[in-house]
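Participant: Got a structure here, written out as structure tokens. Questions coming.
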Amino acid sequence: MLAWVKGQLMSDRQQLQEAKQALGRKLAAWRTTRQLIQGDLARKVHSSRSTVAMVERGRQVVDRIFWLQCESVLGANGDLITAYDTYRQLEARHRAERAAAASRARWGLLADGLVEAGEPSPDLGTTALHGDDHSLEPASTGTTNVEERIPHAGASRDKRDRRTLLMAIAAVAAGSGLIGLTPSTARRRVGAGDIARIEAVTALYRSVDYEIGGGALHTEISRFAEATSILLTSADSGQETTSLATAVAGARQLAGWTAFDAGRHSDAGRHWLAAERTAVAVGDQRLAARIRYCQARQFQHLHHNQDALATVRLAYDALGREATPALLAMLRGAEAASLAALGEHTEAVASLKLASGHFEDIDPDREPDWMRFYDRGELLAQYGRVYRDIARHDRRHADAAVEWTEAAIRAFGPQNVRSTVLNTVGLCSALALADDPGRTITVGASVIHQGRQLTSRRVQDRICYLSRDIPPDTRHSGLADFRHTVTRLAAA
């Protein structure tokens, strides 16, 4: 299975590269037809000559804004933007097929591990992890109403399967000999098998977190992560020190994230401090950057955007030559969100453009495995967030906020239930800012229902923030009733 997945990835990359080169040749042809040199076109579309050159050589694709501007400047009659959208559809299909194949390989191996541990093996194809095969098909890039994409987390998943899965993961963690460790009982040599078990259990917990939120498992993952830390400080690990430290830091990072999602901010900070210390101790600046990004996200949620900005820039500066395109895109996007919240709108948009440029340079095979979460949906979500903040100062940007947020929702996969719901809350805000009371009420009612199904305090907090974008003196009776409902939720 793993050999087949590797071969499929190579085939996908070749096909995508050929499509990227064809798209670049089309741009070069239109530019030549209009008798423009690369520098002329770059100035007209507010880009750089090197970017235009890289696009024409098939080395980059950049974002849709670039292609819309090229379409307008070159008078391409829809040819360029149609070609760009076709490429993105091909990319999305390959991404979904790759995720499906890798998921079957990964979860198949982990399911074998559950059986080997002597525990009942849950049906990983039908539980809360990924849904059935059809759910892995890419979302349409058309203008389908986003309300149709709002997940029904409670109705479409069997809670008994979910409990069985959580019990199975806990059983594997217990069977690994990690739970209940103390410094006096943990002194033993650590092998590759111990590290693999830590990584496998962390991966299973991470998938459940994506699906239903951190409230369901933050206590369990906290116990597991703390046990791995005891193993790190007490074990004679020999040559496995760096690998063990990385696995422990990854477990502590997830423990912090689930605590943050559950609204336990003190616990989140404690886990992230331990994770950061461990990553830095072994010189893993990439993992340290990921952990600092999580810290910044918590600061943003608590409206401490100056602290968030300082944390993001610390991560950026510490990376140095260890930086990868995905890490840079992630950090620039977070930077843009804090800048926008602080009212630095021009700087925020500039950071978004840098994030988009880095995103187009991502080669998944050259990124850390734990950066797989950062996809186009995450980038588009930052665009939506930035433009919502700008729209709060200038309503003329509200339509752009709606468009970016809808694009983010379409880009998220079916396994990212919480991310989809969080961005649907953002869509509700954007619609209110765009003075669309009908859709505001429809989307708002859906997210209130979904917020009750997810074990995520972060989602509930975001829902409570909705009232700030609805004027208290609104004359629309339905909107006034919705605002009253949100205000009551916040008070409760």
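Letters A, B, ... go to the chains of the structure tokens in the order shown; residues in each chain start at 1; ligands are counted from 1 in the same order.
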Counting only C-alpha atoms, what is within 12 Å of Pro325 of chain A, bar same-chain residues fewer than 5 positions away, as a PyMOL selection string?
Facilitator: chain A and resi 286+316+319+330-332+354-368+371+374-375
Participant: For the selection you just gave me, I'd like the residues written to a file as a PDB file, in the first residue's frame, keeping N, CA and C atoms.
Facilitator:
ATOM      1  N   ARG A 286      11.974  24.483  13.562  1.00  0.00           N
ATOM      2  CA  ARG A 286      10.726  24.377  12.799  1.00  0.00           C
ATOM      3  C   ARG A 286       9.557  24.027  13.714  1.00  0.00           C
ATOM      4  N   TYR A 316       9.427  33.717  13.423  1.00  0.00           N
ATOM      5  CA  TYR A 316       9.964  34.009  12.085  1.00  0.00           C
ATOM      6  C   TYR A 316      11.473  34.250  12.150  1.00  0.00           C
ATOM      7  N   LEU A 319      13.664  31.078  12.925  1.00  0.00           N
ATOM      8  CA  LEU A 319      13.734  30.037  11.897  1.00  0.00           C
ATOM      9  C   LEU A 319      15.011  30.145  11.065  1.00  0.00           C
ATOM     10  N   MET A 330       2.280  30.231   6.894  1.00  0.00           N
ATOM     11  CA  MET A 330       1.495  30.154   8.135  1.00  0.00           C
ATOM     12  C   MET A 330       1.774  31.359   9.034  1.00  0.00           C
ATOM     13  N   LEU A 331       3.053  31.692   9.203  1.00  0.00           N
ATOM     14  CA  LEU A 331       3.418  32.803  10.094  1.00  0.00           C
ATOM     15  C   LEU A 331       3.005  34.147   9.512  1.00  0.00           C
ATOM     16  N   ARG A 332       3.181  34.332   8.201  1.00  0.00           N
ATOM     17  CA  ARG A 332       2.766  35.605   7.584  1.00  0.00           C
ATOM     18  C   ARG A 332       1.251  35.784   7.667  1.00  0.00           C
ATOM     19  N   LEU A 354       2.472  38.229   0.966  1.00  0.00           N
ATOM     20  CA  LEU A 354       3.667  37.432   1.216  1.00  0.00           C
ATOM     21  C   LEU A 354       3.294  35.999   1.554  1.00  0.00           C
ATOM     22  N   ALA A 355       2.232  35.825   2.353  1.00  0.00           N
ATOM     23  CA  ALA A 355       1.776  34.471   2.701  1.00  0.00           C
ATOM     24  C   ALA A 355       1.370  33.712   1.442  1.00  0.00           C
ATOM     25  N   SER A 356       0.671  34.373   0.522  1.00  0.00           N
ATOM     26  CA  SER A 356       0.248  33.720  -0.728  1.00  0.00           C
ATOM     27  C   SER A 356       1.449  33.308  -1.571  1.00  0.00           C
ATOM     28  N   GLY A 357       2.447  34.184  -1.638  1.00  0.00           N
ATOM     29  CA  GLY A 357       3.643  33.853  -2.406  1.00  0.00           C
ATOM     30  C   GLY A 357       4.359  32.638  -1.846  1.00  0.00           C
ATOM     31  N   HIS A 358       4.486  32.584  -0.518  1.00  0.00           N
ATOM     32  CA  HIS A 358       5.121  31.419   0.100  1.00  0.00           C
ATOM     33  C   HIS A 358       4.280  30.164  -0.116  1.00  0.00           C
ATOM     34  N   PHE A 359       2.954  30.312  -0.045  1.00  0.00           N
ATOM     35  CA  PHE A 359       2.081  29.144  -0.198  1.00  0.00           C
ATOM     36  C   PHE A 359       2.277  28.481  -1.552  1.00  0.00           C
ATOM     37  N   GLU A 360       2.432  29.291  -2.585  1.00  0.00           N
ATOM     38  CA  GLU A 360       2.585  28.732  -3.929  1.00  0.00           C
ATOM     39  C   GLU A 360       3.913  27.983  -4.094  1.00  0.00           C
ATOM     40  N   ASP A 361       4.855  28.211  -3.195  1.00  0.00           N
ATOM     41  CA  ASP A 361       6.155  27.541  -3.270  1.00  0.00           C
ATOM     42  C   ASP A 361       6.190  26.229  -2.497  1.00  0.00           C
ATOM     43  N   ILE A 362       5.092  25.872  -1.844  1.00  0.00           N
ATOM     44  CA  ILE A 362       5.088  24.691  -0.973  1.00  0.00           C
ATOM     45  C   ILE A 362       5.241  23.409  -1.790  1.00  0.00           C
ATOM     46  N   ASP A 363       6.172  22.591  -1.374  1.00  0.00           N
ATOM     47  CA  ASP A 363       6.303  21.220  -1.861  1.00  0.00           C
ATOM     48  C   ASP A 363       6.033  20.323  -0.658  1.00  0.00           C
ATOM     49  N   PRO A 364       4.855  19.673  -0.582  1.00  0.00           N
ATOM     50  CA  PRO A 364       4.489  18.903   0.618  1.00  0.00           C
ATOM     51  C   PRO A 364       5.534  17.878   1.024  1.00  0.00           C
ATOM     52  N   ASP A 365       6.256  17.335   0.056  1.00  0.00           N
ATOM     53  CA  ASP A 365       7.244  16.302   0.373  1.00  0.00           C
ATOM     54  C   ASP A 365       8.477  16.870   1.074  1.00  0.00           C
ATOM     55  N   ARG A 366       8.621  18.193   1.069  1.00  0.00           N
ATOM     56  CA  ARG A 366       9.772  18.815   1.719  1.00  0.00           C
ATOM     57  C   ARG A 366       9.382  19.563   2.992  1.00  0.00           C
ATOM     58  N   GLU A 367       8.157  19.369   3.423  1.00  0.00           N
ATOM     59  CA  GLU A 367       7.670  19.995   4.646  1.00  0.00           C
ATOM     60  C   GLU A 367       7.604  18.961   5.768  1.00  0.00           C
ATOM     61  N   PRO A 368       7.706  19.404   7.017  1.00  0.00           N
ATOM     62  CA  PRO A 368       7.510  18.465   8.134  1.00  0.00           C
ATOM     63  C   PRO A 368       6.124  17.826   8.063  1.00  0.00           C
ATOM     64  N   MET A 371       3.097  19.646   9.360  1.00  0.00           N
ATOM     65  CA  MET A 371       2.577  20.820   8.649  1.00  0.00           C
ATOM     66  C   MET A 371       1.514  20.452   7.629  1.00  0.00           C
ATOM     67  N   TYR A 374      -1.718  22.524   7.201  1.00  0.00           N
ATOM     68  CA  TYR A 374      -1.778  23.866   6.616  1.00  0.00           C
ATOM     69  C   TYR A 374      -2.044  23.738   5.116  1.00  0.00           C
ATOM     70  N   ASP A 375      -3.280  23.956   4.746  1.00  0.00           N
ATOM     71  CA  ASP A 375      -3.683  23.834   3.347  1.00  0.00           C
ATOM     72  C   ASP A 375      -4.264  25.159   2.864  1.00  0.00           C
TER      73      ASP A 375
END
Participant: Per residue of segment 438-474 of chain A within 8 Å of segment 407-427 of chain A, record the nearest atom pair and its distance in Å to one decimal, counting only C-alpha atoms, with rows in chain order and ascending residue number, as a tab-separated table.
Facilitator:
residue	atom	partner	partner_atom	distance
A:Val443	CA	A:Thr424	CA	7.3
A:Gly444	CA	A:Val425	CA	7.1
A:Val447	CA	A:Val425	CA	6.2
A:Gln450	CA	A:Val421	CA	7.2
A:Gly451	CA	A:Val421	CA	7.6
A:Leu454	CA	A:Arg418	CA	7.3
A:Ser456	CA	A:Arg418	CA	8.0
A:Val459	CA	A:Leu422	CA	5.9
A:Arg462	CA	A:Val425	CA	6.9
A:Ile463	CA	A:Val425	CA	6.3
A:Leu466	CA	A:Val425	CA	7.7
Participant: Give me the residues near segment 10-24 of chain A as a list in words, where near means some atom within 6 Å (using only C-alpha atoms) and where sequence neighbours in that chain fewer than 5 positions away do not count.
Facilitator: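 Near segment 10-24 of chain A, the qualifying residues are Val55, Glu56, Arg57 and Gly58 of chain A.
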Participant: Could those residues be written to a file, using C-alpha atoms, as a CSV table (one decimal), in the first residue's frame?
Facilitator:
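Ended up saving to result-v2.csv:
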chain,number,residue,atom,x,y,z
A,55,VAL,CA,4.9,31.9,-13.2
A,56,GLU,CA,5.7,31.8,-16.9
A,57,ARG,CA,8.4,29.1,-16.4
A,58,GLY,CA,5.9,27.0,-14.5
Participant: So what do you get for atom CA of Ile291 of chain A versus atom CA of Lys353 of chain A, distance-wise?
Facilitator: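 For atom CA of Ile291 of chain A relative to atom CA of Lys353 of chain A, the distance reads 23.3 Å.
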Participant: For atom CA of Ala490 of chain A and atom CA of Tyr465 of chain A, quote the distance in Å rounded to one decimal.
Facilitator: 7.9 Å
Participant: Taking into account only C-alpha atoms, which residue in the set A:Arg483, A:Leu204, A:Ala336, A:Ser266 is nearest to Leu380 of chain A?
Facilitator: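 Under the stated criterion, the closest residue is A:Ala336.
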Participant: Which of these, A:Ala96, A:Leu36, A:Ile65, A:Ala216, has the shortest distance to Tyr383 of chain A once you count only C-alpha atoms?
Facilitator: A:Ile65
Participant: Do you have the atom CA of Ala432 of chain A-atom CA of Ala400 of chain A distance handy?
Facilitator: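 Pair atom CA of Ala432 of chain A / atom CA of Ala400 of chain A returns 12.9 Å.
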Participant: Using only C-alpha atoms for the distances, tell me which of A:His304, A:Arg197, A:His218, A:Arg292 is nearest to Val248 of chain A.
Facilitator: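 Checking each candidate against Val248 of chain A, we get A:Arg197 as the closest.
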Participant: Looking at A:Arg277, A:Arg452, A:Gly213, A:Arg43, which one is nearest to Val73 of chain A, with distances taken over only C-alpha atoms?
Facilitator: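 Selected residue with least distance to Val73 of chain A: A:Arg43.
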Participant: Show which residues sit within 9 Å of Thr440 of chain A, as JSON, numbers by chain. Count only C-alpha atoms, and ignore same-chain residues fewer than 5 positions away.
Facilitator: {"A": [427, 428, 429, 430, 431, 432, 435, 445, 479, 482]}
Participant: If we count only C-alpha atoms and set the cut-off at 12 Å, which residues sit around Leu314 of chain A, ignoring sequence neighbours fewer than 2 positions away in its own chain? Please answer as a list in words.
Facilitator: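 Listing them by chain and then by number gives Gln285, Ala288, Ala289, Arg290, Ile291, Arg292, Tyr293, Gln295, Ala296, Asp307, Ala308, Leu309, Ala310, Thr311, Val312, Tyr316, Asp317, Ala318, Leu319, Gly320, Leu331 and Glu335 of chain A.
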